[in-house]
$ cat final.csv   # CSV, C-alpha atoms
chain,number,residue,atom,x,y,z
Q,1,MET,CA,93.3,73.9,82.6
Q,2,THR,CA,94.6,77.4,81.9
Q,3,GLN,CA,95.6,79.1,85.2
Q,4,PRO,CA,95.0,82.8,85.8
Q,5,LEU,CA,98.4,84.5,86.6
Q,6,LEU,CA,99.3,87.7,88.4
Q,7,LEU,CA,102.8,89.2,88.0
Q,8,VAL,CA,104.1,91.2,91.0
Q,9,GLY,CA,106.1,94.0,89.5
Q,10,ALA,CA,105.5,95.9,86.3
Q,11,GLY,CA,109.0,96.6,85.0
Q,12,GLY,CA,111.2,95.1,82.4
Q,13,LEU,CA,111.4,91.7,84.1
Q,14,ALA,CA,107.6,91.4,84.2
Q,15,ARG,CA,107.5,92.0,80.5
Q,16,GLU,CA,109.9,89.1,80.0
Q,17,VAL,CA,108.0,86.8,82.2
Q,18,LEU,CA,104.7,87.8,80.5
Q,19,ALA,CA,106.2,86.9,77.1
Q,20,ALA,CA,107.3,83.5,78.6
Q,21,ALA,CA,103.8,82.9,79.9
Q,22,ARG,CA,102.3,83.8,76.6
Q,23,ALA,CA,104.5,81.1,75.0
Q,24,LEU,CA,102.5,78.6,77.2
Q,25,PRO,CA,99.0,79.6,76.1
Q,26,GLY,CA,97.3,76.5,77.4
Q,27,GLU,CA,98.9,76.8,80.8
Q,28,PHE,CA,98.7,80.4,81.9
Q,29,LYS,CA,96.6,83.5,81.2
Q,30,THR,CA,98.1,86.7,82.7
Q,31,ILE,CA,95.2,88.7,84.1
Q,32,GLY,CA,97.2,91.6,85.5
Q,33,MET,CA,100.3,93.1,87.1
Q,34,LEU,CA,100.6,94.5,90.6
Q,35,ASP,CA,103.0,97.3,91.5
Q,36,ASP,CA,103.3,99.5,94.6
Q,37,ASN,CA,104.1,102.6,92.4
Q,38,PRO,CA,100.7,104.4,92.2
Q,39,GLU,CA,101.8,106.1,89.0
Q,40,ARG,CA,101.6,102.8,87.3
Q,41,HIS,CA,98.1,101.9,88.4
Q,42,GLY,CA,95.5,101.9,85.6
Q,43,SER,CA,98.2,101.7,82.9
Q,44,GLU,CA,98.9,98.8,80.6
Q,45,VAL,CA,102.2,96.8,80.0
Q,46,ASP,CA,102.2,94.9,76.7
Q,47,GLY,CA,98.4,94.8,76.8
Q,48,VAL,CA,98.1,93.6,80.5
Q,49,PRO,CA,96.6,96.0,83.0
Q,50,VAL,CA,98.4,97.2,86.1
Q,51,LEU,CA,95.6,96.5,88.6
Q,52,GLY,CA,96.9,98.2,91.7
Q,53,PRO,CA,99.3,97.6,94.6
Q,54,THR,CA,100.9,94.2,95.5
Q,55,GLY,CA,98.5,93.7,98.4
Q,56,LEU,CA,95.7,92.8,95.9
Q,57,VAL,CA,97.2,89.3,95.7
Q,58,HIS,CA,95.3,88.6,98.9
Q,59,GLU,CA,92.0,89.5,97.2
Q,60,LEU,CA,92.5,87.9,93.8
Q,61,THR,CA,92.8,84.4,95.4
Q,62,ASP,CA,92.0,82.4,92.3
Q,63,ALA,CA,95.2,83.5,90.5
Q,64,LEU,CA,98.7,82.1,90.8
Q,65,VAL,CA,101.5,84.5,91.4
Q,66,LEU,CA,105.0,85.2,90.2
Q,67,VAL,CA,107.2,87.9,91.7
Q,68,CYS,CA,109.1,89.7,89.0
Q,69,VAL,CA,111.7,91.6,91.0
Q,70,ALA,CA,115.5,91.3,90.4
Q,71,SER,CA,118.4,93.8,90.9
Q,72,PRO,CA,122.1,93.4,91.6
Q,73,VAL,CA,121.8,96.4,93.8
Q,74,ARG,CA,119.4,94.6,96.1
Q,75,PRO,CA,120.0,90.9,95.5
Q,76,ASP,CA,117.6,89.9,98.3
Q,77,GLY,CA,114.8,92.1,96.9
Q,78,ARG,CA,112.7,89.2,95.6
Q,79,ALA,CA,113.0,87.5,98.9
Q,80,THR,CA,111.9,90.6,100.7
Q,81,VAL,CA,108.7,90.9,98.5
Q,82,VAL,CA,107.9,87.2,98.9
Q,83,ARG,CA,108.2,87.3,102.7
Q,84,ARG,CA,106.2,90.5,102.9
Q,85,LEU,CA,103.3,88.9,100.8
Q,86,ASP,CA,103.4,85.8,103.1
Q,87,LEU,CA,101.5,83.7,100.6
Q,88,PRO,CA,101.3,79.9,100.9
Q,89,ALA,CA,103.6,78.0,98.5
Q,90,GLU,CA,100.7,76.7,96.5
Q,91,ARG,CA,99.8,80.2,95.4
Q,92,TYR,CA,103.0,80.5,93.3
Q,93,ALA,CA,103.3,79.3,89.8
Q,94,THR,CA,106.4,77.7,88.3
Q,95,LEU,CA,107.1,78.8,84.8
Q,96,VAL,CA,109.4,77.0,82.3
Q,97,HIS,CA,109.7,78.6,78.8
Q,98,PRO,CA,109.1,75.9,76.1
Q,99,ALA,CA,112.6,76.7,74.7
Q,100,ALA,CA,114.3,75.8,78.0
Q,101,SER,CA,116.0,72.3,78.3
Q,102,VAL,CA,115.5,70.7,81.7
Q,103,ALA,CA,116.8,67.2,82.3
Q,104,PRO,CA,114.3,64.6,83.6
Q,105,GLY,CA,114.4,64.4,87.4
Q,106,VAL,CA,115.1,68.1,87.9
Q,107,GLU,CA,112.9,69.5,90.8
Q,108,LEU,CA,111.9,73.2,90.6
Q,109,GLY,CA,110.7,75.1,93.7
Q,110,GLU,CA,107.6,77.2,93.6
Q,111,GLY,CA,107.8,80.7,92.1
Q,112,THR,CA,110.8,79.7,89.9
Q,113,VAL,CA,111.0,81.0,86.3
Q,114,LEU,CA,113.3,79.6,83.6
Q,115,LEU,CA,113.4,81.8,80.6
Q,116,ALA,CA,114.2,80.7,77.0
Q,117,GLY,CA,117.4,78.9,76.4
Q,118,THR,CA,118.0,77.9,80.0
Q,119,VAL,CA,119.7,74.5,80.2
Q,120,ILE,CA,119.8,72.2,83.2
Q,121,THR,CA,121.8,69.1,82.2
Q,122,ALA,CA,121.3,66.6,85.0
Q,123,PRO,CA,118.8,65.9,87.9
Q,124,GLN,CA,119.1,68.4,90.7
Q,125,ARG,CA,116.9,70.5,92.9
Q,126,VAL,CA,116.6,74.2,92.0
Q,127,GLY,CA,115.2,76.3,94.9
Q,128,ALA,CA,112.0,78.4,95.2
Q,129,HIS,CA,111.7,81.8,93.5
Q,130,VAL,CA,114.8,81.3,91.4
Q,131,LEU,CA,115.1,83.3,88.2
Q,132,THR,CA,117.2,82.3,85.2
Q,133,MET,CA,117.3,84.7,82.3
Q,134,PRO,CA,118.0,83.5,78.7
Q,135,HIS,CA,120.7,81.0,78.0
Q,136,VAL,CA,121.7,80.2,81.6
Q,137,LEU,CA,123.5,76.9,82.2
Q,138,PHE,CA,123.4,74.6,85.3
Q,139,THR,CA,125.4,71.4,85.0
Q,140,HIS,CA,125.7,68.2,87.1
Q,141,ASP,CA,125.5,68.3,90.9
Q,142,ASP,CA,124.9,72.0,91.2
Q,143,SER,CA,123.0,73.4,94.2
Q,144,VAL,CA,121.0,76.5,93.6
Q,145,ALA,CA,119.2,77.9,96.7
Q,146,ASP,CA,116.0,80.0,97.0
Q,147,PHE,CA,115.8,83.5,95.5
Q,148,VAL,CA,118.9,83.1,93.3
Q,149,THR,CA,119.0,85.3,90.2
Q,150,CYS,CA,121.1,84.3,87.1
Q,151,ALA,CA,121.3,86.9,84.4
Q,152,GLY,CA,121.7,86.0,80.7
Q,153,ARG,CA,124.4,83.5,79.8
Q,154,ALA,CA,125.5,82.9,83.4
Q,155,ALA,CA,127.0,79.4,83.6
Q,156,LEU,CA,127.8,77.0,86.5
Q,157,ALA,CA,130.3,74.2,86.1
Q,158,GLY,CA,129.8,71.0,88.1
Q,159,ALA,CA,129.1,70.8,91.9
Q,160,VAL,CA,128.7,74.6,92.2
Q,161,THR,CA,126.8,75.9,95.3
Q,162,VAL,CA,124.9,79.1,94.9
Q,163,ALA,CA,123.5,80.3,98.2
Q,164,GLU,CA,120.2,82.2,98.9
Q,165,SER,CA,119.6,85.5,97.1
Q,166,ALA,CA,122.9,85.5,95.2
Q,167,TYR,CA,123.0,87.4,92.0
Q,168,LEU,CA,125.1,86.2,89.0
Q,169,GLY,CA,125.6,88.8,86.4
Q,170,ALA,CA,125.2,88.4,82.7
Q,171,GLY,CA,127.9,86.2,81.1
Q,172,SER,CA,129.5,85.3,84.5
Q,173,LEU,CA,131.1,81.9,84.9
Q,174,VAL,CA,131.6,79.8,88.0
Q,175,ARG,CA,134.3,77.0,88.2
Q,176,GLN,CA,133.5,73.6,89.6
Q,177,ASP,CA,133.2,73.1,93.4
Q,178,VAL,CA,133.0,76.9,94.0
Q,179,ARG,CA,130.5,78.4,96.4
Q,180,ILE,CA,128.8,81.8,95.7
Q,181,GLY,CA,127.6,83.1,99.1
Q,182,ALA,CA,124.2,84.3,100.2
Q,183,ARG,CA,123.4,87.8,98.9
Q,184,ALA,CA,126.7,87.8,97.0
Q,185,VAL,CA,126.9,89.5,93.6
Q,186,LEU,CA,129.1,88.2,90.7
Q,187,GLY,CA,129.6,91.0,88.2
Q,188,MET,CA,128.9,90.9,84.4
Q,189,GLY,CA,131.5,88.7,82.7
Q,190,ALA,CA,133.2,87.8,85.9
Q,191,VAL,CA,134.9,84.4,86.3
Q,192,ALA,CA,134.7,83.0,89.8
Q,193,LEU,CA,137.6,80.6,90.4
Q,194,SER,CA,137.3,80.6,94.2
Q,195,ASP,CA,134.5,80.9,96.8
Q,196,VAL,CA,132.7,84.3,97.0
Q,197,PRO,CA,131.8,85.1,100.6
Q,198,ASP,CA,128.3,86.0,101.7
Q,199,GLY,CA,127.3,89.6,100.9
Q,200,GLU,CA,130.3,90.5,98.8
Q,201,THR,CA,130.5,91.8,95.2
Q,202,TRP,CA,133.2,90.3,93.0
Q,203,VAL,CA,134.1,91.4,89.5
Q,204,GLY,CA,136.7,90.7,86.9
Q,205,VAL,CA,138.7,87.8,85.4
Q,206,PRO,CA,139.5,86.1,87.7
Q,207,ALA,CA,136.9,87.6,90.0
Q,208,ARG,CA,138.1,89.6,92.9
Q,209,PRO,CA,136.2,91.5,95.6
Q,210,ILE,CA,135.4,95.2,95.1
Q,211,THR,CA,137.4,97.1,97.7
Q,212,LYS,CA,135.1,99.2,99.9
Q,213,PRO,CA,136.3,102.8,100.7
Q,214,SER,CA,137.9,103.1,104.1
$ encode --input "final.csv" --output "structure tokens"
Amino acid sequence: MTQPLLLVGAGGLAREVLAAARALPGEFKTIGMLDDNPERHGSEVDGVPVLGPTGLVHELTDALVLVCVASPVRPDGRATVVRRLDLPAERYATLVHPAASVAPGVELGEGTVLLAGTVITAPQRVGAHVLTMPHVLFTHDDSVADFVTCAGRAALAGAVTVAESAYLGAGSLVRQDVRIGARAVLGMGAVALSDVPDGETWVGVPARPITKPS
């Protein structure tokens, strides 16, 4: 049965998730987007109406929900929205683009979105409200927590731990057995060869912390 779907957020990420949902026509029908910017209300995004503020999720109870919020500036932004909405887990969809490759035995948490070209090579659990953009790679024995964002072509070697609300930039690489901390940001093209502490931003090859002004 086709499920009605609401997207929370009406920006570029919502457009990508909408396209992925349209690639699964028998599974989802996107009925609208919700955004707290009143200037967006009444407009359309790729043919889908912006119905109003995010609080409408509590009125449109027949629809499943995906939160389309991601930014390296606020790596915990999606977690903040999900906690504010305070919906039960069963209200959230899980969306896997048909061009993703997910090994048998992989468990995906609610609200998670895997865009085209994502590859998960071996059984593992991926947390709730995780976002993988195109061509992300998870390999054996990885541990990816809730609210993690992996931008395009980010790749994890074996036994990598990515803690809650971490953000991995486009083209970033993480060596085996390395931990990326909670709310940490790994910059575009960065190569993490050692653990990245909670809340820090690391860039470069090999990745090093950005020095904060004294």
$ atom_distance --input "final.csv" --atom1 "atom CA of Arg84 of chain Q" --atom2 "atom CA of Ser71 of chain Q"
17.4 Å
$ atom_distance --input "final.csv" --atom1 "atom CA of Leu137 of chain Q" --atom2 "atom CA of Glu110 of chain Q"
19.6 Å
$ atom_distance --input "final.csv" --atom1 "atom CA of Ala99 of chain Q" --atom2 "atom CA of Gly32 of chain Q"
24.0 Å
$ residues_near_point --input "final.csv" --point "(105.8, 84.4, 99.9)" --cutoff "12 Å" --atoms "only C-alpha atoms" --output "PyMOL selection string"
chain Q and resi 8+54-55+57-58+64-67+78-93+110-111+128-129+146-147
$ write_last_selection --input "final.csv" --atoms "C-alpha atoms" --output "PDB file, in the frame of the given file"
ATOM      1  CA  VAL Q   8     104.100  91.200  91.000  1.00  0.00           C
ATOM      2  CA  THR Q  54     100.900  94.200  95.500  1.00  0.00           C
ATOM      3  CA  GLY Q  55      98.500  93.700  98.400  1.00  0.00           C
ATOM      4  CA  VAL Q  57      97.200  89.300  95.700  1.00  0.00           C
ATOM      5  CA  HIS Q  58      95.300  88.600  98.900  1.00  0.00           C
ATOM      6  CA  LEU Q  64      98.700  82.100  90.800  1.00  0.00           C
ATOM      7  CA  VAL Q  65     101.500  84.500  91.400  1.00  0.00           C
ATOM      8  CA  LEU Q  66     105.000  85.200  90.200  1.00  0.00           C
ATOM      9  CA  VAL Q  67     107.200  87.900  91.700  1.00  0.00           C
ATOM     10  CA  ARG Q  78     112.700  89.200  95.600  1.00  0.00           C
ATOM     11  CA  ALA Q  79     113.000  87.500  98.900  1.00  0.00           C
ATOM     12  CA  THR Q  80     111.900  90.600 100.700  1.00  0.00           C
ATOM     13  CA  VAL Q  81     108.700  90.900  98.500  1.00  0.00           C
ATOM     14  CA  VAL Q  82     107.900  87.200  98.900  1.00  0.00           C
ATOM     15  CA  ARG Q  83     108.200  87.300 102.700  1.00  0.00           C
ATOM     16  CA  ARG Q  84     106.200  90.500 102.900  1.00  0.00           C
ATOM     17  CA  LEU Q  85     103.300  88.900 100.800  1.00  0.00           C
ATOM     18  CA  ASP Q  86     103.400  85.800 103.100  1.00  0.00           C
ATOM     19  CA  LEU Q  87     101.500  83.700 100.600  1.00  0.00           C
ATOM     20  CA  PRO Q  88     101.300  79.900 100.900  1.00  0.00           C
ATOM     21  CA  ALA Q  89     103.600  78.000  98.500  1.00  0.00           C
ATOM     22  CA  GLU Q  90     100.700  76.700  96.500  1.00  0.00           C
ATOM     23  CA  ARG Q  91      99.800  80.200  95.400  1.00  0.00           C
ATOM     24  CA  TYR Q  92     103.000  80.500  93.300  1.00  0.00           C
ATOM     25  CA  ALA Q  93     103.300  79.300  89.800  1.00  0.00           C
ATOM     26  CA  GLU Q 110     107.600  77.200  93.600  1.00  0.00           C
ATOM     27  CA  GLY Q 111     107.800  80.700  92.100  1.00  0.00           C
ATOM     28  CA  ALA Q 128     112.000  78.400  95.200  1.00  0.00           C
ATOM     29  CA  HIS Q 129     111.700  81.800  93.500  1.00  0.00           C
ATOM     30  CA  ASP Q 146     116.000  80.000  97.000  1.00  0.00           C
ATOM     31  CA  PHE Q 147     115.800  83.500  95.500  1.00  0.00           C
TER      32      PHE Q 147
END
$ closest_residue --input "final.csv" --among "Q:Pro25, Q:Gly189, Q:Gly158, Q:Pro206" --to "Gln176 of chain Q" --atoms "only C-alpha atoms"
Q:Gly158
$ closest_residue --input "final.csv" --among "Q:Val191, Q:Leu5, Q:Ile31, Q:Ile120" --to "Val203 of chain Q" --atoms "all atoms listed in the file"
Q:Val191
$ closest_residue --input "final.csv" --among "Q:Val17, Q:Leu131, Q:Pro72, Q:Thr161" --to "Trp202 of chain Q" --atoms "all atoms listed in the file"
Q:Pro72
$ residues_around --input "final.csv" --residues "Ser165 of chain Q" --least-positions-apart "6" --cutoff "9 Å" --atoms "all atoms listed in the file" --output "PyMOL selection string"
chain Q and resi 75-79+130+145-149+181-184
$ write_last_selection --input "final.csv" --atoms "C-alpha atoms" --output "PDB file, in the coordinates of the input"
ATOM      1  CA  PRO Q  75     120.000  90.900  95.500  1.00  0.00           C
ATOM      2  CA  ASP Q  76     117.600  89.900  98.300  1.00  0.00           C
ATOM      3  CA  GLY Q  77     114.800  92.100  96.900  1.00  0.00           C
ATOM      4  CA  ARG Q  78     112.700  89.200  95.600  1.00  0.00           C
ATOM      5  CA  ALA Q  79     113.000  87.500  98.900  1.00  0.00           C
ATOM      6  CA  VAL Q 130     114.800  81.300  91.400  1.00  0.00           C
ATOM      7  CA  ALA Q 145     119.200  77.900  96.700  1.00  0.00           C
ATOM      8  CA  ASP Q 146     116.000  80.000  97.000  1.00  0.00           C
ATOM      9  CA  PHE Q 147     115.800  83.500  95.500  1.00  0.00           C
ATOM     10  CA  VAL Q 148     118.900  83.100  93.300  1.00  0.00           C
ATOM     11  CA  THR Q 149     119.000  85.300  90.200  1.00  0.00           C
ATOM     12  CA  GLY Q 181     127.600  83.100  99.100  1.00  0.00           C
ATOM     13  CA  ALA Q 182     124.200  84.300 100.200  1.00  0.00           C
ATOM     14  CA  ARG Q 183     123.400  87.800  98.900  1.00  0.00           C
ATOM     15  CA  ALA Q 184     126.700  87.800  97.000  1.00  0.00           C
TER      16      ALA Q 184
END
$ closest_residue --input "final.csv" --among "Q:Pro98, Q:Gly26, Q:Gly171, Q:Pro49" --to "Ala14 of chain Q" --atoms "only C-alpha atoms"
Q:Pro49
$ closest_residue --input "final.csv" --among "Q:Met188, Q:Leu95, Q:Leu6, Q:Cys150" --to "Thr61 of chain Q" --atoms "all atoms listed in the file"
Q:Leu6
$ closest_residue --input "final.csv" --among "Q:Leu13, Q:Cys68, Q:Ala23, Q:Val196" --to "Thr112 of chain Q" --atoms "only C-alpha atoms"
Q:Cys68
$ decode --input "final.csv" --residues "segment 52-63 of chain Q" --atoms "all heavy atoms" --output "PDB file, in the first residue's frame"
ATOM      1  N   GLY Q  52       2.618  24.428   5.341  1.00  0.00           N
ATOM      2  CA  GLY Q  52       2.599  25.294   6.512  1.00  0.00           C
ATOM      3  C   GLY Q  52       3.718  24.928   7.456  1.00  0.00           C
ATOM      4  O   GLY Q  52       4.705  24.278   7.061  1.00  0.00           O
ATOM      5  N   PRO Q  53       3.612  25.296   8.742  1.00  0.00           N
ATOM      6  CA  PRO Q  53       4.697  25.061   9.693  1.00  0.00           C
ATOM      7  C   PRO Q  53       4.809  23.590  10.093  1.00  0.00           C
ATOM      8  O   PRO Q  53       3.900  22.785   9.860  1.00  0.00           O
ATOM      9  CB  PRO Q  53       4.294  25.926  10.888  1.00  0.00           C
ATOM     10  CG  PRO Q  53       2.808  26.010  10.802  1.00  0.00           C
ATOM     11  CD  PRO Q  53       2.485  26.031   9.339  1.00  0.00           C
ATOM     12  N   THR Q  54       5.924  23.285  10.731  1.00  0.00           N
ATOM     13  CA  THR Q  54       6.218  21.889  11.068  1.00  0.00           C
ATOM     14  C   THR Q  54       5.217  21.297  12.047  1.00  0.00           C
ATOM     15  O   THR Q  54       5.017  20.083  12.073  1.00  0.00           O
ATOM     16  CB  THR Q  54       7.639  21.765  11.643  1.00  0.00           C
ATOM     17  OG1 THR Q  54       7.752  22.615  12.788  1.00  0.00           O
ATOM     18  CG2 THR Q  54       8.674  22.187  10.617  1.00  0.00           C
ATOM     19  N   GLY Q  55       4.568  22.132  12.839  1.00  0.00           N
ATOM     20  CA  GLY Q  55       3.595  21.625  13.794  1.00  0.00           C
ATOM     21  C   GLY Q  55       2.419  20.905  13.167  1.00  0.00           C
ATOM     22  O   GLY Q  55       1.705  20.156  13.859  1.00  0.00           O
ATOM     23  N   LEU Q  56       2.218  21.071  11.859  1.00  0.00           N
ATOM     24  CA  LEU Q  56       1.117  20.381  11.189  1.00  0.00           C
ATOM     25  C   LEU Q  56       1.285  18.865  11.189  1.00  0.00           C
ATOM     26  O   LEU Q  56       0.323  18.145  10.901  1.00  0.00           O
ATOM     27  CB  LEU Q  56       0.982  20.881   9.747  1.00  0.00           C
ATOM     28  CG  LEU Q  56       0.353  22.265   9.561  1.00  0.00           C
ATOM     29  CD1 LEU Q  56       0.367  22.664   8.093  1.00  0.00           C
ATOM     30  CD2 LEU Q  56      -1.073  22.295  10.104  1.00  0.00           C
ATOM     31  N   VAL Q  57       2.473  18.363  11.505  1.00  0.00           N
ATOM     32  CA  VAL Q  57       2.627  16.901  11.582  1.00  0.00           C
ATOM     33  C   VAL Q  57       1.669  16.309  12.608  1.00  0.00           C
ATOM     34  O   VAL Q  57       1.278  15.138  12.499  1.00  0.00           O
ATOM     35  CB  VAL Q  57       4.071  16.476  11.915  1.00  0.00           C
ATOM     36  CG1 VAL Q  57       5.022  16.847  10.797  1.00  0.00           C
ATOM     37  CG2 VAL Q  57       4.536  17.043  13.246  1.00  0.00           C
ATOM     38  N   HIS Q  58       1.295  17.100  13.611  1.00  0.00           N
ATOM     39  CA  HIS Q  58       0.410  16.594  14.664  1.00  0.00           C
ATOM     40  C   HIS Q  58      -1.060  16.601  14.242  1.00  0.00           C
ATOM     41  O   HIS Q  58      -1.894  16.013  14.927  1.00  0.00           O
ATOM     42  CB  HIS Q  58       0.595  17.428  15.932  1.00  0.00           C
ATOM     43  CG  HIS Q  58       1.995  17.392  16.455  1.00  0.00           C
ATOM     44  ND1 HIS Q  58       2.552  16.269  17.015  1.00  0.00           N
ATOM     45  CD2 HIS Q  58       2.970  18.346  16.467  1.00  0.00           C
ATOM     46  CE1 HIS Q  58       3.803  16.532  17.381  1.00  0.00           C
ATOM     47  NE2 HIS Q  58       4.086  17.782  17.052  1.00  0.00           N
ATOM     48  N   GLU Q  59      -1.353  17.250  13.122  1.00  0.00           N
ATOM     49  CA  GLU Q  59      -2.708  17.236  12.588  1.00  0.00           C
ATOM     50  C   GLU Q  59      -2.852  16.246  11.443  1.00  0.00           C
ATOM     51  O   GLU Q  59      -3.914  15.625  11.286  1.00  0.00           O
ATOM     52  CB  GLU Q  59      -3.092  18.640  12.110  1.00  0.00           C
ATOM     53  CG  GLU Q  59      -3.076  19.696  13.213  1.00  0.00           C
ATOM     54  CD  GLU Q  59      -3.431  21.075  12.699  1.00  0.00           C
ATOM     55  OE1 GLU Q  59      -4.108  21.162  11.646  1.00  0.00           O
ATOM     56  OE2 GLU Q  59      -3.029  22.074  13.333  1.00  0.00           O
ATOM     57  N   LEU Q  60      -1.820  16.106  10.635  1.00  0.00           N
ATOM     58  CA  LEU Q  60      -1.861  15.207   9.475  1.00  0.00           C
ATOM     59  C   LEU Q  60      -1.357  13.834   9.906  1.00  0.00           C
ATOM     60  O   LEU Q  60      -0.299  13.353   9.484  1.00  0.00           O
ATOM     61  CB  LEU Q  60      -1.014  15.794   8.343  1.00  0.00           C
ATOM     62  CG  LEU Q  60      -1.468  17.184   7.877  1.00  0.00           C
ATOM     63  CD1 LEU Q  60      -0.439  17.804   6.945  1.00  0.00           C
ATOM     64  CD2 LEU Q  60      -2.823  17.095   7.193  1.00  0.00           C
ATOM     65  N   THR Q  61      -2.147  13.176  10.744  1.00  0.00           N
ATOM     66  CA  THR Q  61      -1.663  11.980  11.444  1.00  0.00           C
ATOM     67  C   THR Q  61      -1.626  10.728  10.580  1.00  0.00           C
ATOM     68  O   THR Q  61      -1.059   9.716  10.997  1.00  0.00           O
ATOM     69  CB  THR Q  61      -2.540  11.715  12.677  1.00  0.00           C
ATOM     70  OG1 THR Q  61      -3.912  11.618  12.274  1.00  0.00           O
ATOM     71  CG2 THR Q  61      -2.396  12.855  13.679  1.00  0.00           C
ATOM     72  N   ASP Q  62      -2.230  10.770   9.403  1.00  0.00           N
ATOM     73  CA  ASP Q  62      -2.201   9.593   8.534  1.00  0.00           C
ATOM     74  C   ASP Q  62      -0.908   9.487   7.736  1.00  0.00           C
ATOM     75  O   ASP Q  62      -0.658   8.456   7.103  1.00  0.00           O
ATOM     76  CB  ASP Q  62      -3.380   9.619   7.553  1.00  0.00           C
ATOM     77  CG  ASP Q  62      -4.713   9.409   8.249  1.00  0.00           C
ATOM     78  OD1 ASP Q  62      -4.715   8.834   9.359  1.00  0.00           O
ATOM     79  OD2 ASP Q  62      -5.746   9.830   7.693  1.00  0.00           O
ATOM     80  N   ALA Q  63      -0.092  10.532   7.740  1.00  0.00           N
ATOM     81  CA  ALA Q  63       1.116  10.556   6.911  1.00  0.00           C
ATOM     82  C   ALA Q  63       2.349  10.170   7.718  1.00  0.00           C
ATOM     83  O   ALA Q  63       2.495  10.544   8.892  1.00  0.00           O
ATOM     84  CB  ALA Q  63       1.317  11.942   6.308  1.00  0.00           C
TER      85      ALA Q  63
END
